[in-house]
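For reference, model_9.tsv is printed below; it contains TSV, C-alpha atoms.
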```
chain	number	residue	atom	x	y	z
L	1163	MET	CA	36.97	0.71	8.30
L	1164	LEU	CA	37.58	4.39	7.90
L	1165	GLU	CA	36.04	5.01	4.50
L	1166	ASP	CA	33.57	7.84	4.08
L	1167	LEU	CA	30.04	6.43	4.11
L	1168	GLY	CA	28.64	9.75	2.95
L	1169	ARG	CA	24.99	10.68	3.35
L	1170	TRP	CA	23.58	7.43	1.99
L	1171	PHE	CA	24.63	4.89	4.58
L	1172	HIS	CA	24.76	4.41	8.34
L	1173	ARG	CA	26.73	1.79	10.23
L	1174	PHE	CA	25.29	1.02	13.67
L	1175	SER	CA	27.67	-1.66	14.93
L	1176	PRO	CA	31.47	-1.98	14.87
L	1177	VAL	CA	32.99	-4.75	12.78
L	1178	ASP	CA	36.43	-6.31	12.64
L	1179	GLY	CA	38.41	-7.41	9.61
L	1180	ASN	CA	36.66	-7.46	6.26
L	1181	PRO	CA	33.23	-9.03	6.71
L	1182	VAL	CA	30.71	-9.18	3.90
L	1183	ARG	CA	28.69	-5.98	3.59
L	1184	LEU	CA	24.92	-6.02	3.62
L	1185	PHE	CA	23.25	-2.89	2.25
L	1186	CYS	CA	19.72	-2.68	3.72
L	1187	PHE	CA	16.95	-0.70	2.00
L	1188	PRO	CA	14.00	0.37	4.20
L	1189	HIS	CA	10.26	0.42	3.53
L	1190	ALA	CA	8.25	3.46	2.40
L	1191	GLY	CA	8.70	6.31	4.84
L	1192	GLY	CA	11.46	4.41	6.62
L	1193	GLY	CA	15.08	5.29	7.20
L	1194	ALA	CA	18.40	3.63	7.87
L	1195	ALA	CA	17.60	3.27	11.58
L	1196	THR	CA	15.07	0.58	10.64
L	1197	PHE	CA	17.98	-1.84	10.65
L	1198	VAL	CA	19.65	-0.98	13.98
L	1199	ARG	CA	18.54	-4.21	15.68
L	1200	LEU	CA	19.47	-6.38	12.71
L	1201	SER	CA	22.87	-4.70	12.58
L	1202	ARG	CA	23.56	-5.42	16.23
L	1203	THR	CA	22.42	-9.03	15.87
L	1204	LEU	CA	24.62	-9.73	12.83
L	1205	ALA	CA	27.73	-7.89	14.04
L	1206	PRO	CA	30.63	-8.49	13.84
L	1207	ASP	CA	30.13	-11.22	11.22
L	1208	VAL	CA	28.24	-9.00	8.77
L	1209	ASP	CA	28.79	-5.29	8.14
L	1210	VAL	CA	25.22	-3.97	7.96
L	1211	LEU	CA	24.90	-0.58	6.25
L	1212	GLY	CA	21.43	0.97	6.49
L	1213	VAL	CA	20.48	2.98	3.41
L	1214	GLN	CA	19.31	6.51	4.15
L	1215	TYR	CA	16.99	7.86	1.47
L	1216	PRO	CA	16.86	11.65	0.97
L	1217	GLY	CA	14.10	13.61	2.71
L	1218	ARG	CA	14.06	11.94	6.16
L	1219	GLN	CA	15.95	11.74	9.46
L	1220	ASP	CA	19.38	13.34	9.01
L	1221	ARG	CA	18.57	14.07	5.33
L	1222	LEU	CA	15.32	15.85	6.17
L	1223	GLY	CA	16.33	19.04	4.38
L	1224	GLU	CA	16.81	17.28	1.04
L	1225	ASP	CA	14.15	16.70	-1.58
L	1226	CYS	CA	12.67	13.21	-1.70
L	1227	VAL	CA	13.41	11.13	-4.78
L	1228	ARG	CA	10.23	10.74	-6.81
L	1229	THR	CA	10.77	7.43	-8.64
L	1230	LEU	CA	12.15	4.06	-7.60
L	1231	PRO	CA	14.50	3.71	-10.62
L	1232	GLU	CA	16.04	7.10	-9.85
L	1233	LEU	CA	16.44	6.10	-6.20
L	1234	ALA	CA	18.16	2.90	-7.35
L	1235	GLU	CA	20.52	4.80	-9.64
L	1236	LEU	CA	21.59	7.19	-6.90
L	1237	ALA	CA	22.05	4.50	-4.25
L	1238	GLY	CA	23.72	2.18	-6.75
L	1239	ALA	CA	26.34	4.79	-7.59
L	1240	GLU	CA	27.26	5.05	-3.91
L	1241	ILE	CA	27.43	1.28	-3.54
L	1242	ARG	CA	29.80	1.16	-6.51
L	1243	ARG	CA	32.04	3.61	-4.67
L	1244	LEU	CA	32.09	1.57	-1.47
L	1245	THR	CA	32.61	-1.79	-3.15
L	1246	ALA	CA	35.28	-0.79	-5.66
L	1247	GLY	CA	38.11	-3.28	-5.67
L	1248	GLY	CA	35.96	-6.36	-5.26
L	1249	VAL	CA	34.56	-5.92	-1.76
L	1250	PRO	CA	31.97	-8.72	-1.29
L	1251	TYR	CA	28.48	-7.41	-0.66
L	1252	ALA	CA	24.81	-8.31	-0.66
L	1253	LEU	CA	21.55	-6.36	-0.78
L	1254	LEU	CA	18.48	-6.64	1.43
L	1255	GLY	CA	15.28	-4.65	1.01
L	1256	HIS	CA	11.99	-4.65	2.86
L	1257	SER	CA	8.69	-3.75	1.19
L	1258	MET	CA	9.38	-0.77	-1.12
L	1259	GLY	CA	13.05	-1.28	-0.31
L	1260	ALA	CA	12.95	-4.74	-1.89
L	1261	THR	CA	12.01	-3.22	-5.23
L	1262	VAL	CA	14.75	-0.59	-4.92
L	1263	ALA	CA	17.30	-3.29	-3.98
L	1264	PHE	CA	16.20	-5.36	-6.99
L	1265	GLU	CA	16.69	-2.39	-9.34
L	1266	VAL	CA	20.11	-1.72	-7.79
L	1267	ALA	CA	21.08	-5.36	-8.35
L	1268	ARG	CA	20.07	-5.06	-12.02
L	1269	LEU	CA	22.17	-1.94	-12.47
L	1270	LEU	CA	25.26	-3.29	-10.76
L	1271	GLU	CA	25.17	-6.68	-12.46
L	1272	ALA	CA	25.10	-4.81	-15.77
L	1273	ASP	CA	28.52	-3.36	-14.89
L	1274	GLY	CA	30.09	-6.71	-15.72
L	1275	PRO	CA	31.20	-10.01	-14.16
L	1276	GLY	CA	31.90	-9.73	-10.46
L	1277	ALA	CA	30.38	-6.26	-10.12
L	1278	GLY	CA	26.95	-7.25	-8.89
L	1279	PRO	CA	25.85	-8.39	-5.46
L	1280	GLN	CA	26.60	-11.92	-4.34
L	1281	ALA	CA	23.06	-12.23	-2.97
L	1282	LEU	CA	19.76	-10.35	-3.00
L	1283	LEU	CA	17.24	-10.70	-0.17
L	1284	VAL	CA	13.74	-9.36	-0.81
L	1285	SER	CA	11.39	-9.06	2.16
L	1286	GLY	CA	7.65	-8.45	2.33
L	1287	ARG	CA	7.25	-7.60	-1.33
L	1288	VAL	CA	5.39	-8.76	-4.42
L	1289	THR	CA	7.44	-9.40	-7.55
L	1290	PRO	CA	8.44	-6.44	-9.73
L	1291	ALA	CA	5.78	-7.13	-12.38
L	1292	THR	CA	2.99	-7.45	-9.80
L	1293	PRO	CA	1.17	-4.19	-8.96
L	1294	ALA	CA	1.76	-3.20	-5.34
L	1295	ARG	CA	-1.21	-3.21	-2.97
L	1296	LEU	CA	-1.46	0.18	-1.34
L	1297	GLY	CA	-5.03	0.28	-0.11
L	1298	GLY	CA	-6.35	2.23	-3.12
L	1299	ARG	CA	-4.98	5.33	-4.75
L	1300	LEU	CA	-4.25	7.05	-1.43
L	1301	LEU	CA	-5.25	10.45	-2.71
L	1302	ASP	CA	-5.18	12.12	0.69
L	1303	ASP	CA	-3.22	11.94	3.92
L	1304	GLN	CA	-6.03	10.33	5.90
L	1305	ALA	CA	-6.16	7.38	3.51
L	1306	LEU	CA	-2.40	7.05	3.69
L	1307	LEU	CA	-2.40	7.09	7.51
L	1308	ALA	CA	-5.24	4.57	7.60
L	1309	ASP	CA	-3.16	2.26	5.43
L	1310	LEU	CA	-0.21	2.61	7.83
L	1311	ARG	CA	-2.41	1.76	10.80
L	1312	ARG	CA	-3.65	-1.38	9.05
L	1313	LEU	CA	-0.12	-2.54	8.35
L	1314	GLY	CA	1.28	-1.88	11.82
L	1315	GLY	CA	4.99	-1.20	12.19
L	1316	THR	CA	4.54	2.55	12.74
L	1317	SER	CA	4.26	3.78	16.32
L	1318	ALA	CA	0.89	5.20	17.35
L	1319	ALA	CA	2.86	7.95	19.09
L	1320	VAL	CA	3.96	9.10	15.63
L	1321	LEU	CA	0.62	8.64	13.88
L	1322	ASP	CA	-1.26	10.54	16.61
L	1323	ASP	CA	1.19	13.43	16.95
L	1324	PRO	CA	0.49	16.33	14.52
L	1325	ARG	CA	4.01	17.67	14.93
L	1326	MET	CA	5.60	14.33	14.06
L	1327	LEU	CA	3.24	13.88	11.14
L	1328	ARG	CA	4.36	17.18	9.65
L	1329	ILE	CA	7.88	15.77	9.63
L	1330	VAL	CA	7.20	12.27	8.30
L	1331	LEU	CA	4.29	12.82	5.89
L	1332	PRO	CA	6.33	14.36	3.04
L	1333	SER	CA	8.59	11.31	2.73
L	1334	LEU	CA	5.63	8.95	3.10
L	1335	ARG	CA	3.72	10.73	0.33
L	1336	ALA	CA	6.76	10.69	-1.95
L	1337	ASP	CA	7.50	7.02	-1.34
L	1338	TYR	CA	3.90	5.86	-1.78
L	1339	HIS	CA	3.59	7.82	-5.01
L	1340	ALA	CA	6.89	6.38	-6.26
L	1341	VAL	CA	5.60	2.88	-5.57
L	1342	GLN	CA	2.33	3.64	-7.38
L	1343	ARG	CA	4.17	4.90	-10.45
L	1344	TYR	CA	6.64	2.02	-10.61
L	1345	ALA	CA	6.23	-0.19	-13.67
L	1346	TYR	CA	8.69	-3.01	-14.20
L	1347	GLN	CA	10.58	-2.85	-17.48
L	1348	GLY	CA	12.48	-6.02	-18.17
L	1349	ASP	CA	12.47	-9.76	-18.65
L	1350	ARG	CA	12.32	-12.67	-16.27
L	1351	ARG	CA	15.62	-14.28	-15.18
L	1352	VAL	CA	17.13	-10.81	-15.29
L	1353	LEU	CA	19.53	-11.50	-12.39
L	1354	SER	CA	22.25	-14.12	-12.01
L	1355	CYS	CA	22.84	-13.77	-8.26
L	1356	PRO	CA	21.06	-15.97	-5.70
L	1357	VAL	CA	17.76	-14.50	-4.50
L	1358	THR	CA	16.07	-15.20	-1.16
L	1359	ALA	CA	12.49	-14.07	-0.55
L	1360	LEU	CA	11.37	-13.50	3.06
L	1361	VAL	CA	7.68	-13.11	3.89
L	1362	GLY	CA	5.29	-13.07	6.82
L	1363	ASP	CA	2.72	-15.85	6.62
L	1364	SER	CA	-0.15	-13.42	7.31
L	1365	ASP	CA	1.12	-10.40	5.35
L	1366	SER	CA	-1.78	-8.56	3.69
L	1367	ARG	CA	0.61	-7.10	1.11
L	1368	VAL	CA	2.03	-10.36	-0.26
L	1369	SER	CA	1.20	-14.02	0.15
L	1370	VAL	CA	3.79	-16.78	0.51
L	1371	ALA	CA	2.87	-18.01	-2.97
L	1372	GLU	CA	3.35	-14.53	-4.43
L	1373	ALA	CA	6.71	-14.14	-2.69
L	1374	ALA	CA	7.79	-17.44	-4.25
L	1375	GLY	CA	7.36	-15.75	-7.64
L	1376	TRP	CA	10.67	-13.95	-7.10
L	1377	GLY	CA	12.33	-17.16	-8.25
L	1378	GLU	CA	11.41	-16.21	-11.81
L	1379	TYR	CA	13.74	-13.20	-11.69
L	1380	THR	CA	17.06	-14.96	-11.31
L	1381	SER	CA	18.97	-17.71	-13.06
L	1382	GLY	CA	20.75	-18.31	-9.77
L	1383	GLU	CA	19.63	-20.23	-6.71
L	1384	PHE	CA	16.30	-19.21	-5.15
L	1385	VAL	CA	14.88	-19.82	-1.69
L	1386	CYS	CA	11.60	-18.59	-0.16
L	1387	ARG	CA	11.32	-18.46	3.64
L	1388	ASP	CA	8.15	-17.64	5.51
L	1389	PHE	CA	7.95	-16.46	9.12
L	1390	PRO	CA	5.07	-15.92	11.55
L	1391	GLY	CA	3.52	-12.46	11.29
L	1392	GLY	CA	2.28	-9.74	9.02
L	1393	HIS	CA	3.96	-7.12	6.90
L	1394	PHE	CA	6.50	-6.18	9.58
L	1395	PHE	CA	7.35	-9.75	10.51
L	1396	LEU	CA	11.03	-8.78	10.70
L	1397	ASP	CA	10.41	-7.00	14.00
L	1398	ASP	CA	8.97	-10.11	15.64
L	1399	ASN	CA	11.39	-12.66	14.16
L	1400	LEU	CA	14.72	-10.91	14.52
L	1401	GLY	CA	16.64	-13.99	15.68
L	1402	PRO	CA	15.38	-16.42	13.02
L	1403	VAL	CA	15.71	-13.79	10.27
L	1404	ALA	CA	19.26	-12.97	11.36
L	1405	ASP	CA	20.13	-16.67	11.40
L	1406	CYS	CA	18.77	-16.98	7.86
L	1407	VAL	CA	20.80	-14.00	6.67
L	1408	ARG	CA	23.96	-15.12	8.45
L	1409	THR	CA	23.75	-18.64	7.02
L	1410	LEU	CA	23.20	-17.33	3.50
L	1411	LEU	CA	25.97	-14.76	3.56
L	1412	LEU	CA	28.67	-16.54	5.53
L	1413	GLY	CA	27.97	-19.90	3.94
L	1414	GLY	CA	27.82	-18.68	0.39
L	1415	ILE	CA	30.00	-15.59	0.13
L	1416	ARG	CA	33.05	-15.56	2.33
L	1417	ALA	CA	36.08	-17.52	1.16
```

Show this structure as structure tokens.
Amino acid sequence: MLEDLGRWFHRFSPVDGNPVRLFCFPHAGGGAATFVRLSRTLAPDVDVLGVQYPGRQDRLGEDCVRTLPELAELAGAEIRRLTAGGVPYALLGHSMGATVAFEVARLLEADGPGAGPQALLVSGRVTPATPARLGGRLLDDQALLADLRRLGGTSAAVLDDPRMLRIVLPSLRADYHAVQRYAYQGDRRVLSCPVTALVGDSDSRVSVAEAAGWGEYTSGEFVCRDFPGGHFFLDDNLGPVADCVRTLLLGGIRA
């Protein structure tokens, strides 16, 4: 595959032939590299493309996007470009990324029959109409960092290094504020594609019962899978999560 991925996507593992593509949207403050291990585990059966939001990692010099719908519009336009001609694809998002992936799915399904994703996987996230739990209003950096420490998933080497914090705090602030401002505008059963919700059984952000509420947002098939762990359960359940993704995509998408 020699197509130009542009600034929005990173491929971390080589693939052969024309496997289904899985666009992966990271959590608040995260980048495309969040999905390196998942990419390597799913290759070469699935072409994992990590989504790189502006304002971090190799896009550090760009302004962060300030709202989740705008982020979805920009990423969705690039996905349209890469899937023109009927390339089969699916979307996966974790935490904030699940909401962005959901909004992208809405936009692309509105393009007409066959244009939308053939599956949406939402991980570690309450439903769109449920207010996100962010540990209060997070009016200052110390409150934001305390929330990150509670969640885990961010290295202490980063949180305790003033130089690293100067680099990562702007994107964290922008993402947290975008999540706080997000207000779902739409009806239930808004999607037609299958939806799978993934959740840690001890996640302080979303309970298993709340994750099951995603079934109300699609007229297609819905499955909710819980795994041991908290908000970043993906890190500790890579094999089982990859097996779940592989079964869903290869069993339900490829001809």

Within-10 Å shell of (19.7, -13.5, -12.2) in input frame, only C-alpha atoms, as a PyMOL selection string:
chain L and resi 1267-1268+1271+1281-1282+1350-1357+1377-1384

Which residue, L:Pro1250, L:Gly1274, L:Gly1238, L:Gly1255, has the smallest gap to Gly1193 of chain L when you use all atoms listed in the file?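 Of all the options, L:Gly1255 lies closest to Gly1193 of chain L.
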
One residue among L:Val1208, L:Leu1253, L:Leu1184, L:Met1258 is nearest to Ala1340 of chain L when using all atoms listed in the file, and that residue is L:Met1258

Rank nothing, just name the residue among L:Gly1217, L:Gly1362, L:Pro1290, L:Pro1279 nearest to Gly1375 of chain L, using all atoms listed in the file.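 Smallest separation from Gly1375 of chain L among the options: L:Pro1290.
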
Which residues are close to Leu1307 of chain L, i.e. within 10 Å by only C-alpha atoms, leaving aside same-chain residues fewer than 6 positions away? Reply as a PyMOL selection string.
chain L and resi 1300+1313+1316+1321-1322+1327+1331+1334

Check the smallest atom-to-atom distance from each of L:Gly1286, L:Gly1191, L:Pro1216, L:Gly1179 to Glu1232 of chain L using all atoms listed in the file, then report the winner.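 Smallest separation from Glu1232 of chain L among the options: L:Pro1216.
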
Would you give me, as a Markdown table, each residue of segment 1378-1412 of chain L having an atom within 12 Å of an atom of segment 1201-1205 of chain L, along with its shortest atom pair and that distance in Å to one decimal, using only C-alpha atoms and sorting by chain and residue number?
```
| residue | atom | partner | partner_atom | distance |
| --- | --- | --- | --- | --- |
| L:Asn1399 | CA | L:Thr1203 | CA | 11.7 |
| L:Leu1400 | CA | L:Thr1203 | CA | 8.0 |
| L:Gly1401 | CA | L:Thr1203 | CA | 7.6 |
| L:Pro1402 | CA | L:Thr1203 | CA | 10.6 |
| L:Val1403 | CA | L:Thr1203 | CA | 10.0 |
| L:Ala1404 | CA | L:Leu1204 | CA | 6.4 |
| L:Asp1405 | CA | L:Leu1204 | CA | 8.4 |
| L:Cys1406 | CA | L:Leu1204 | CA | 10.6 |
| L:Val1407 | CA | L:Leu1204 | CA | 8.4 |
| L:Arg1408 | CA | L:Leu1204 | CA | 7.0 |
| L:Thr1409 | CA | L:Leu1204 | CA | 10.7 |
| L:Leu1411 | CA | L:Leu1204 | CA | 10.6 |
| L:Leu1412 | CA | L:Leu1204 | CA | 10.8 |
```

* Selected residue of minimal separation from Ala1272 of chain L among L:Arg1311, L:Arg1387, L:Arg1242, L:Arg1343, counting only C-alpha atoms ->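 For Ala1272 of chain L, the nearest of the given residues is L:Arg1242.
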
Practice problem: Could you jot down the atom CA of Glu1235 of chain L to atom CA of Val1262 of chain L separation for me, Å, one decimal place? | Solution: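 Computing the Euclidean distance for atom CA of Glu1235 of chain L and atom CA of Val1262 of chain L yields 9.2 Å.
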
_Calculated over all atoms listed in the file, which of the candidates L:His1189, L:Val1213, L:Met1326, L:Asp1207 has the smallest distance to His1172 of chain L?_
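The shortest atom-to-atom distance to His1172 of chain L comes from L:Val1213.
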
**OP:** For atom CA of Gln1219 of chain L and atom CA of Val1320 of chain L, determine how far apart the two atoms are, in Å to one decimal place.
**Re:**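 Between atom CA of Gln1219 of chain L and atom CA of Val1320 of chain L the gap works out to 13.7 Å.
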
Quote the spacing between atom CA of Ser1175 of chain L and atom CA of Arg1287 of chain L in Å to one decimal place.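 Atom CA of Ser1175 of chain L sits 26.8 Å away from atom CA of Arg1287 of chain L.
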
Margin query: Is it possible to get the residues within 12 Å of (9.9, -4.2, -0.4) (coordinates as in the file, counting all atoms listed in the file) written as a ChimeraX atom specification?
Written below: /L:1186-1192,1230,1253-1265,1282-1290,1294-1295,1337-1338,1341,1359-1361,1367-1368,1373,1376,1393-1394

- Item | Selection near Leu1211 of chain L, 6 Å with all atoms listed in the file, sequence-local residues under 3 positions removed, as a list in words | Phe1171, His1172, Arg1173 and Phe1185 of chain L

So that all listed atoms of segment 1271-1290 of chain L fit with 3 Å spare on each side, what axis-aligned box centre and edge lengths in Å, to one decimal, would you give as AutoDock Vina command-line options?
```
--center_x 18.6 --center_y -7.8 --center_z -6.7 --size_x 32.5 --size_y 14.9 --size_z 24.1
```

- [ ] Extract, using all atoms listed in the file, all DNA, RNA and protein residues at most 12 Å from Gly1168 of chain L, discarding same-chain residues fewer than 3 positions from it, and format them as a PyMOL selection string.
- [x] chain L and resi 1164-1165+1171-1173+1211-1215+1220-1221+1237+1239-1241+1243-1244
